[in-house]
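One structure is given here, and the rest of the page talks about it.
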Amino acid sequence: MPVLLPASLPEAFDALAADPAAQLLAGGTDFMVEANAGHRRPGSVVSLTRVKELRGFRLDGQSVVIGAGLTYTEMMEPGFAELVPGLAQAARTVGSPQIRNAGTIGGNLATASPAGDTLPILAALDADVTVASSPRERRTVKLAELITGPKRHTLEPGEIILDVRVPARAGRQEFLKVGTRNAMVIAVASVAVVVDFAGRSVRVALGSVGPTVIRAHEAEHEAARLIDWDSNRLVGSLDGWGDFDDLVRAAARPIDDHRSTAAFRRHAAAICAKRALERIVDGRGSEAA
Amino acid sequence: MTEGTVDAVAGGVAMPEHVSYTLRVNGREHRVSEAALTESLLYVLRERLDLKGAKGACEQGECGSCSVLLDGLLECSCTVLAAAAAGREITTVEGLTPEDGSLTDLQDAFVAEGAVQCGFCTPGLIVALSDLLRRNPAASELEVREAISGNLCRCTGYGRILAAVQAVQEARSA
Ligand SMILES: Cc1cc2nc3c(=O)[nH]c(=O)nc-3n(C[C@H](O)[C@H](O)[C@H](O)COP(=O)(O)OP(=O)(O)OC[C@H]3O[C@@H](n4cnc5c(N)ncnc54)[C@H](O)[C@@H]3O)c2cc1C
Ligand code: FES
Ligand code: FES
């Protein structure tokens, strides 16, 4: 059966067990671009679009469990945006309405592009990804274990990404992306910043400036030092950012390519990180309600 | 054949990379036989079902000239695997126009306002904007611009398109 359209997860696992070489298809926005260009020639396909367990999202205690099939359009809806505002912001920058209606978070993870727009905020939220090859064989991995390089991931053949787990309403979040226009653009550099006022921590993740998303740990410590956690304000003035942007610049490992130079990418990442932190600390960040 | 699968039998011999399935387009069922596995919905609409409304240009989701509705959601038909669209409700620009061959108010406004120049982008824009005006009849100019940010037009500079949308909004709310 070259194209299977399972309606449930057990059916999808059965299909893969019967045909381990079958390729998974979700929204098709990466898959079909490759197929149309002749770069992808599947012998058989298992479409996940109808698998009900992969759709939607749910609250589980303090966590949001995001089904791999959640589309960008769905991430932008208020009920989701209020739980993970940074991901809603990132979703809004993806492609076009057409792409956002089709493309999914699971497809973005499996494509493992350094420019994948969901990845910085997922890294900043320290997301757990659950993958499975049968109803019983599930494993949960960190983003850095799942995505190991440009277009490189550690999914085994026959493994399906089931869901992504992030904390609900985790502090204030910002996602900023630089490209050549507002719509339909692959990031030249992107940044996600999360400030957890309750946990007194700052997370900074950089996209498109390395082989995979980069957590800027030293910049995070510097930012935490610069925030007066009792008043939730900056110590000193707004331009008293210490070494924060230099540490972001140092964390970036960009390359020159047809979209940008490494130098510009490094610069853009630092400016975006500083701007995102300013927005959060002076109260203009997108706050979870 | 179990429900929800696409059957792959060609003359009784299973052909691994060929598929047969049924698509529901503009309310009618169309049988597609022995198509290549990776054919896009755009290709099948144009080349097998002779529905030439959706246009093919980039075939990578960038230009929007192939826009259709899938279960009511705007998508690029070039990034949809045709065989996986079996069982979904597909609406093309042909399905938006009245049976008698006349034009919709939005299509009329496109003509009247000069929003159709070479016309290549027009079907995709009509699908995208019909969808927008159904969901959000009073869409602001910014919302209109965002709604067509995935539809490229090389001729009009978009000003005529925005004028056509505004004319329809005014006429509908009058
Ligand atoms: C015009 C255009 C603009 C775009 N703009 C952006 C952008 O701005 N930002 C951005 O990040 N991306 C962008 N993309 C890329 C793409 O839309 C995203 O990466 C999207 O999230 C892919 O998801 P999908 O559901 O379409 O995946 P598909 O194309 O269906 O699949 C992609 C890959 O993921 C695998 N896969 C899918 N689901 C699963 C699963 N549950 N488990 C295991 N493997 C799975 C598939 O086997 C395949 O290898 C763009 C693409 C196009 C065509
Ligand atoms: S042909 Fe489908 S978007 Fe260009
Ligand atoms: S009218 Fe020619 S591309 Fe739009």
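In the structure tokens, each chain is lettered A, B, ... as it comes, each chain's residues begin at 1, and ligands are numbered from 1 in order of appearance.
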For this session: Residues up to 6 Å from ligand 3, counting only C-alpha atoms and all ligand atoms: could you list those as a PyMOL selection string?
Result: chain B and resi 116-121+153-156
Problem set entry | Residue contacts of Glu53 of chain A (12 Å, only C-alpha atoms) excluding same-chain residues fewer than 5 positions away, as a VMD selection string | chain A and resid 6 to 12 48 58 65 to 70 135 160 to 163
Next, write the just-selected residues to a file, as a short mmCIF file (atom, residue, chain, number, x, y, z; two decimals), in the first residue's frame, keeping all heavy atoms as the atom set.
data_model
loop_
_atom_site.label_atom_id
_atom_site.label_comp_id
_atom_site.auth_asym_id
_atom_site.auth_seq_id
_atom_site.Cartn_x
_atom_site.Cartn_y
_atom_site.Cartn_z
N PRO A 6 -3.64 6.55 7.98
CA PRO A 6 -4.17 6.04 9.25
C PRO A 6 -4.92 7.13 10.00
O PRO A 6 -4.57 8.31 9.91
CB PRO A 6 -2.92 5.61 10.02
CG PRO A 6 -1.81 6.41 9.41
CD PRO A 6 -2.17 6.58 7.97
N ALA A 7 -5.94 6.71 10.77
CA ALA A 7 -6.75 7.66 11.53
C ALA A 7 -6.35 7.68 13.00
O ALA A 7 -6.79 8.54 13.74
CB ALA A 7 -8.23 7.32 11.39
N SER A 8 -5.53 6.71 13.40
CA SER A 8 -5.13 6.66 14.81
C SER A 8 -3.66 6.24 14.89
O SER A 8 -3.09 5.72 13.93
CB SER A 8 -5.98 5.64 15.56
OG SER A 8 -5.62 4.34 15.13
N LEU A 9 -3.08 6.45 16.07
CA LEU A 9 -1.68 6.10 16.27
C LEU A 9 -1.44 4.59 16.13
O LEU A 9 -0.48 4.20 15.44
CB LEU A 9 -1.26 6.61 17.66
CG LEU A 9 0.18 7.03 17.85
CD1 LEU A 9 0.71 7.88 16.71
CD2 LEU A 9 0.29 7.78 19.17
N PRO A 10 -2.25 3.74 16.74
CA PRO A 10 -2.03 2.30 16.53
C PRO A 10 -2.04 1.93 15.05
O PRO A 10 -1.20 1.13 14.60
CB PRO A 10 -3.20 1.64 17.28
CG PRO A 10 -3.57 2.63 18.34
CD PRO A 10 -3.32 3.98 17.74
N GLU A 11 -2.95 2.53 14.28
CA GLU A 11 -2.96 2.25 12.83
C GLU A 11 -1.68 2.73 12.17
O GLU A 11 -1.15 2.08 11.26
CB GLU A 11 -4.15 2.96 12.18
CG GLU A 11 -5.48 2.23 12.30
CD GLU A 11 -6.61 3.03 11.63
OE1 GLU A 11 -6.40 3.56 10.51
OE2 GLU A 11 -7.66 3.12 12.25
N ALA A 12 -1.17 3.89 12.61
CA ALA A 12 0.06 4.42 12.02
C ALA A 12 1.24 3.50 12.34
O ALA A 12 2.08 3.20 11.47
CB ALA A 12 0.33 5.84 12.53
N LEU A 48 0.31 11.45 8.26
CA LEU A 48 -0.08 11.55 9.68
C LEU A 48 -1.21 12.55 9.91
O LEU A 48 -1.68 12.71 11.04
CB LEU A 48 1.15 11.99 10.50
CG LEU A 48 2.34 11.04 10.46
CD1 LEU A 48 3.54 11.65 11.19
CD2 LEU A 48 1.98 9.70 11.08
N ARG A 58 -2.78 19.83 24.91
CA ARG A 58 -3.52 19.73 26.17
C ARG A 58 -2.65 20.18 27.32
O ARG A 58 -1.42 20.19 27.22
CB ARG A 58 -4.02 18.30 26.39
CG ARG A 58 -2.92 17.29 26.55
CD ARG A 58 -3.44 15.86 26.63
NE ARG A 58 -2.33 14.95 26.41
CZ ARG A 58 -1.51 14.53 27.37
NH1 ARG A 58 -1.66 14.94 28.61
NH2 ARG A 58 -0.50 13.71 27.09
N VAL A 65 1.24 19.97 26.55
CA VAL A 65 1.68 18.88 25.68
C VAL A 65 1.16 19.21 24.28
O VAL A 65 -0.05 19.24 24.05
CB VAL A 65 1.15 17.53 26.17
CG1 VAL A 65 1.65 16.41 25.27
CG2 VAL A 65 1.57 17.30 27.62
N ILE A 66 2.10 19.49 23.38
CA ILE A 66 1.75 19.97 22.05
C ILE A 66 1.82 18.80 21.08
O ILE A 66 2.89 18.22 20.87
CB ILE A 66 2.75 21.06 21.60
CG1 ILE A 66 2.84 22.18 22.65
CG2 ILE A 66 2.36 21.62 20.23
CD1 ILE A 66 4.02 23.12 22.42
N GLY A 67 0.71 18.43 20.48
CA GLY A 67 0.71 17.34 19.50
C GLY A 67 1.60 17.68 18.31
O GLY A 67 1.64 18.83 17.87
N ALA A 68 2.31 16.68 17.78
CA ALA A 68 3.23 16.93 16.66
C ALA A 68 2.50 17.51 15.46
O ALA A 68 3.08 18.20 14.64
CB ALA A 68 3.92 15.63 16.26
N GLY A 69 1.19 17.26 15.37
CA GLY A 69 0.42 17.73 14.22
C GLY A 69 -0.14 19.13 14.38
O GLY A 69 -0.88 19.59 13.51
N LEU A 70 0.21 19.82 15.47
CA LEU A 70 -0.32 21.18 15.64
C LEU A 70 0.25 22.08 14.55
O LEU A 70 1.46 22.12 14.33
CB LEU A 70 0.04 21.73 17.02
CG LEU A 70 -0.82 22.93 17.47
CD1 LEU A 70 -2.22 22.46 17.86
CD2 LEU A 70 -0.19 23.66 18.64
N PRO A 135 3.23 1.50 20.26
CA PRO A 135 2.48 2.05 21.39
C PRO A 135 3.25 1.93 22.70
O PRO A 135 3.06 2.72 23.60
CB PRO A 135 1.20 1.22 21.40
CG PRO A 135 1.04 0.74 20.00
CD PRO A 135 2.42 0.55 19.47
N ILE A 160 8.04 7.94 15.25
CA ILE A 160 7.17 9.09 15.02
C ILE A 160 7.35 10.06 16.18
O ILE A 160 7.38 9.64 17.35
CB ILE A 160 5.69 8.65 14.95
CG1 ILE A 160 5.47 7.63 13.83
CG2 ILE A 160 4.77 9.84 14.76
CD1 ILE A 160 4.03 7.08 13.76
N ILE A 161 7.47 11.34 15.88
CA ILE A 161 7.42 12.35 16.95
C ILE A 161 5.97 12.45 17.38
O ILE A 161 5.08 12.69 16.54
CB ILE A 161 7.92 13.73 16.44
CG1 ILE A 161 9.37 13.63 15.98
CG2 ILE A 161 7.76 14.78 17.54
CD1 ILE A 161 9.87 14.90 15.29
N LEU A 162 5.72 12.24 18.66
CA LEU A 162 4.34 12.29 19.16
C LEU A 162 3.97 13.68 19.65
O LEU A 162 2.95 14.24 19.27
CB LEU A 162 4.13 11.30 20.30
CG LEU A 162 4.38 9.83 20.03
CD1 LEU A 162 3.97 8.99 21.23
CD2 LEU A 162 3.62 9.39 18.78
N ASP A 163 4.80 14.21 20.54
CA ASP A 163 4.45 15.51 21.10
C ASP A 163 5.68 16.21 21.67
O ASP A 163 6.76 15.62 21.77
CB ASP A 163 3.36 15.37 22.17
CG ASP A 163 3.75 14.42 23.30
OD1 ASP A 163 4.82 14.62 23.90
OD2 ASP A 163 2.97 13.49 23.56
#
Quick one: residues within 8 Å of Ser33 of chain B, only C-alpha atoms, excluding same-chain residues fewer than 2 positions away - as a PDB file with N, CA, C and O atoms, in the first residue's frame?
ATOM      1  N   VAL B  19      -0.506   4.826  -7.682  1.00  0.00           N
ATOM      2  CA  VAL B  19      -1.657   4.778  -6.778  1.00  0.00           C
ATOM      3  C   VAL B  19      -2.930   5.185  -7.498  1.00  0.00           C
ATOM      4  O   VAL B  19      -2.901   5.983  -8.439  1.00  0.00           O
ATOM      5  N   SER B  20      -4.035   4.627  -7.021  1.00  0.00           N
ATOM      6  CA  SER B  20      -5.355   5.019  -7.502  1.00  0.00           C
ATOM      7  C   SER B  20      -6.185   5.446  -6.307  1.00  0.00           C
ATOM      8  O   SER B  20      -6.071   4.852  -5.233  1.00  0.00           O
ATOM      9  N   TYR B  21      -6.954   6.485  -6.490  1.00  0.00           N
ATOM     10  CA  TYR B  21      -7.716   7.028  -5.361  1.00  0.00           C
ATOM     11  C   TYR B  21      -8.812   7.935  -5.898  1.00  0.00           C
ATOM     12  O   TYR B  21      -8.874   8.209  -7.104  1.00  0.00           O
ATOM     13  N   ARG B  31     -12.265  10.021  -9.903  1.00  0.00           N
ATOM     14  CA  ARG B  31     -11.394   8.866  -9.759  1.00  0.00           C
ATOM     15  C   ARG B  31     -10.048   9.178 -10.429  1.00  0.00           C
ATOM     16  O   ARG B  31     -10.022   9.650 -11.578  1.00  0.00           O
ATOM     17  N   ALA B  35      -1.838   6.921 -10.820  1.00  0.00           N
ATOM     18  CA  ALA B  35      -1.023   8.140 -10.797  1.00  0.00           C
ATOM     19  C   ALA B  35       0.308   7.822 -10.131  1.00  0.00           C
ATOM     20  O   ALA B  35       0.397   6.909  -9.312  1.00  0.00           O
TER      21      ALA B  35
END
For this session: Provide as a PyMOL selection string the residues of chain B at most 8 Å from chain A, counting only C-alpha atoms.
Result: chain B and resi 4-8+16-19+37-40+59-62+64+67+73-76+78-81+83-84+146-150
Exercise. Hey, can you check how far atom CA of Lys55 of chain B sits from atom CA of Gly106 of chain A?
Worked result: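 Value for the atom CA of Lys55 of chain B-atom CA of Gly106 of chain A distance: 28.9 Å.
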For this session: Quick one: pull the distance between atom CA of Leu122 of chain A and atom CA of Ala22 of chain A, Å, one decimal.
Result: 28.0 Å
For this session: Using only C-alpha atoms, determine which residues lie at most 10 Å from Leu45 of chain B, disregarding the query and same-chain residues fewer than 6 positions distant; provide the list as a ChimeraX atom specification.
Result: /B:23,25,30,51-55,66,77,82,92
Residue subset to file, keeping N, CA, C and O atoms, as an mmCIF file, in the first residue's frame:
data_model
loop_
_atom_site.group_PDB
_atom_site.id
_atom_site.type_symbol
_atom_site.label_atom_id
_atom_site.label_comp_id
_atom_site.auth_asym_id
_atom_site.auth_seq_id
_atom_site.Cartn_x
_atom_site.Cartn_y
_atom_site.Cartn_z
ATOM 1 N N LEU B 23 -10.720 11.659 -5.423
ATOM 2 C CA LEU B 23 -10.661 13.001 -4.842
ATOM 3 C C LEU B 23 -12.031 13.652 -4.941
ATOM 4 O O LEU B 23 -12.740 13.479 -5.946
ATOM 5 N N VAL B 25 -13.616 17.071 -5.397
ATOM 6 C CA VAL B 25 -13.261 18.435 -5.792
ATOM 7 C C VAL B 25 -14.528 19.196 -6.151
ATOM 8 O O VAL B 25 -15.314 18.734 -6.998
ATOM 9 N N HIS B 30 -13.939 12.470 -8.133
ATOM 10 C CA HIS B 30 -13.135 12.206 -9.342
ATOM 11 C C HIS B 30 -12.229 11.019 -9.063
ATOM 12 O O HIS B 30 -11.479 11.025 -8.095
ATOM 13 N N LEU B 51 -8.746 20.669 -14.500
ATOM 14 C CA LEU B 51 -9.164 21.894 -13.811
ATOM 15 C C LEU B 51 -7.962 22.834 -13.833
ATOM 16 O O LEU B 51 -7.024 22.685 -13.060
ATOM 17 N N LYS B 52 -7.983 23.802 -14.745
ATOM 18 C CA LYS B 52 -6.783 24.620 -14.982
ATOM 19 C C LYS B 52 -6.779 25.920 -14.183
ATOM 20 O O LYS B 52 -5.960 26.794 -14.426
ATOM 21 N N GLY B 53 -7.730 26.069 -13.265
ATOM 22 C CA GLY B 53 -7.789 27.302 -12.477
ATOM 23 C C GLY B 53 -6.551 27.505 -11.620
ATOM 24 O O GLY B 53 -5.899 28.548 -11.685
ATOM 25 N N ALA B 54 -6.203 26.531 -10.839
ATOM 26 C CA ALA B 54 -4.977 26.616 -10.041
ATOM 27 C C ALA B 54 -3.788 26.637 -10.996
ATOM 28 O O ALA B 54 -3.693 25.810 -11.896
ATOM 29 N N LYS B 55 -2.910 27.609 -10.801
ATOM 30 C CA LYS B 55 -1.758 27.758 -11.703
ATOM 31 C C LYS B 55 -0.494 27.221 -11.039
ATOM 32 O O LYS B 55 -0.342 27.321 -9.821
ATOM 33 N N CYS B 66 -1.231 28.545 -6.935
ATOM 34 C CA CYS B 66 -1.894 27.232 -6.923
ATOM 35 C C CYS B 66 -2.851 27.086 -5.748
ATOM 36 O O CYS B 66 -3.267 25.977 -5.435
ATOM 37 N N SER B 77 -1.718 24.020 -3.400
ATOM 38 C CA SER B 77 -1.942 22.647 -3.864
ATOM 39 C C SER B 77 -0.644 21.980 -4.312
ATOM 40 O O SER B 77 -0.573 20.761 -4.389
ATOM 41 N N ALA B 82 -1.253 14.571 -3.620
ATOM 42 C CA ALA B 82 -2.623 14.362 -4.106
ATOM 43 C C ALA B 82 -3.251 13.121 -3.467
ATOM 44 O O ALA B 82 -4.397 13.160 -3.019
ATOM 45 N N THR B 92 -11.541 24.477 -5.550
ATOM 46 C CA THR B 92 -10.665 25.272 -6.408
ATOM 47 C C THR B 92 -11.411 26.532 -6.832
ATOM 48 O O THR B 92 -12.591 26.699 -6.536
#
Exercise. Can you list every residue in chain B that DSSP puts in helix (DSSP H, G or I), as a PyMOL selection string?
Worked result: chain B and resi 41-48+77-79+82-85+93-96+105-112+122-135+141-147+159-173
Problem set entry | Secondary structure check, strand (DSSP E or B) residues of segment 35-241 of chain A, as a PyMOL selection string | chain A and resi 45-47+57-60+63-67+71+104+128-132+138-142+147-149+152-153+160-167+172-178+189-196+201-207+214-215+227-228+233-234
For this session: Determine the nearest neighbour of Ser173 of chain B from the options B:Ile90, B:Asp105, B:Ala138, B:Gly72, counting only C-alpha atoms.
Result: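 Looking at the shortest contact to Ser173 of chain B, the residue is B:Ala138.
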Test item: residues at most 7 Å from segment 266-278 of chain A, only C-alpha atoms, excluding those fewer than 5 positions along its chain, as a CSV table (one decimal) with N, CA and C atoms, in the first residue's frame:
chain,number,residue,atom,x,y,z
A,174,GLU,N,9.9,36.3,24.3
A,174,GLU,CA,10.0,37.1,23.1
A,174,GLU,C,10.7,36.3,22.0
A,176,LEU,N,12.3,37.0,18.1
A,176,LEU,CA,12.5,38.0,17.1
A,176,LEU,C,13.3,37.3,16.0
A,189,ALA,N,18.7,35.4,11.0
A,189,ALA,CA,19.0,35.2,12.5
A,189,ALA,C,17.7,35.2,13.2
A,190,SER,N,17.6,34.5,14.3
A,190,SER,CA,16.4,34.6,15.2
A,190,SER,C,16.9,34.3,16.6
A,191,VAL,N,16.0,34.9,17.5
A,191,VAL,CA,16.4,34.8,18.9
A,191,VAL,C,15.1,34.6,19.7
A,193,VAL,N,14.0,34.7,23.8
A,193,VAL,CA,14.4,35.0,25.2
A,193,VAL,C,13.2,34.7,26.1
A,206,LEU,N,19.4,30.9,20.2
A,206,LEU,CA,19.7,31.6,18.9
A,206,LEU,C,19.5,30.6,17.8
A,209,VAL,N,22.2,30.8,13.4
A,209,VAL,CA,23.5,31.3,13.5
A,209,VAL,C,24.5,30.1,14.0
A,245,ASP,N,25.3,41.6,25.2
A,245,ASP,CA,25.3,41.4,23.8
A,245,ASP,C,26.6,40.9,23.2
A,248,VAL,N,26.3,37.2,23.6
A,248,VAL,CA,25.5,36.6,22.6
A,248,VAL,C,26.3,36.5,21.3
A,249,ARG,N,27.0,37.6,21.0
A,249,ARG,CA,27.8,37.6,19.8
A,249,ARG,C,28.8,36.4,19.8
A,252,ALA,N,27.3,32.9,19.2
A,252,ALA,CA,26.9,32.6,17.8
A,252,ALA,C,28.0,31.9,17.0
A,254,PRO,N,27.9,31.5,13.3
A,254,PRO,CA,27.3,31.5,12.0
A,254,PRO,C,28.2,31.3,10.8
Problem set entry | Atomic distance atom CA of Val235 of chain A - atom CA of Gln89 of chain A, expressed in Å with one decimal | 27.7 Å
Exercise. Hey, what's within 12 Å of Gly95 of chain B if we count only C-alpha atoms and toss same-chain stuff fewer than 3 positions away? As an MDAnalysis selection string, please?
Worked result: chainID B and resid 24:28 51:54 68:69 89:92 98:101 103:104 123 126:127 130
Problem set entry | Among the residues B:Ala85, B:Leu42, B:Ala128, B:Ala167, the one that comes closest to Leu70 of chain B [using only C-alpha atoms] |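 The shortest atom-to-atom distance to Leu70 of chain B comes from B:Ala85.
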Problem set entry | Selected residue, from A:Ala18, A:Leu146, A:Ile186, A:Leu83, that lies nearest to ligand 1 when counting only C-alpha atoms and all ligand atoms |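 Nearest to ligand 1: A:Ile186.
Each of B:Cys58, B:Phe110, B:Ala86, B:Ala163 was checked against ligand 2 using only C-alpha atoms and all ligand atoms; the smallest atom-to-atom distance is that of B:Cys58.
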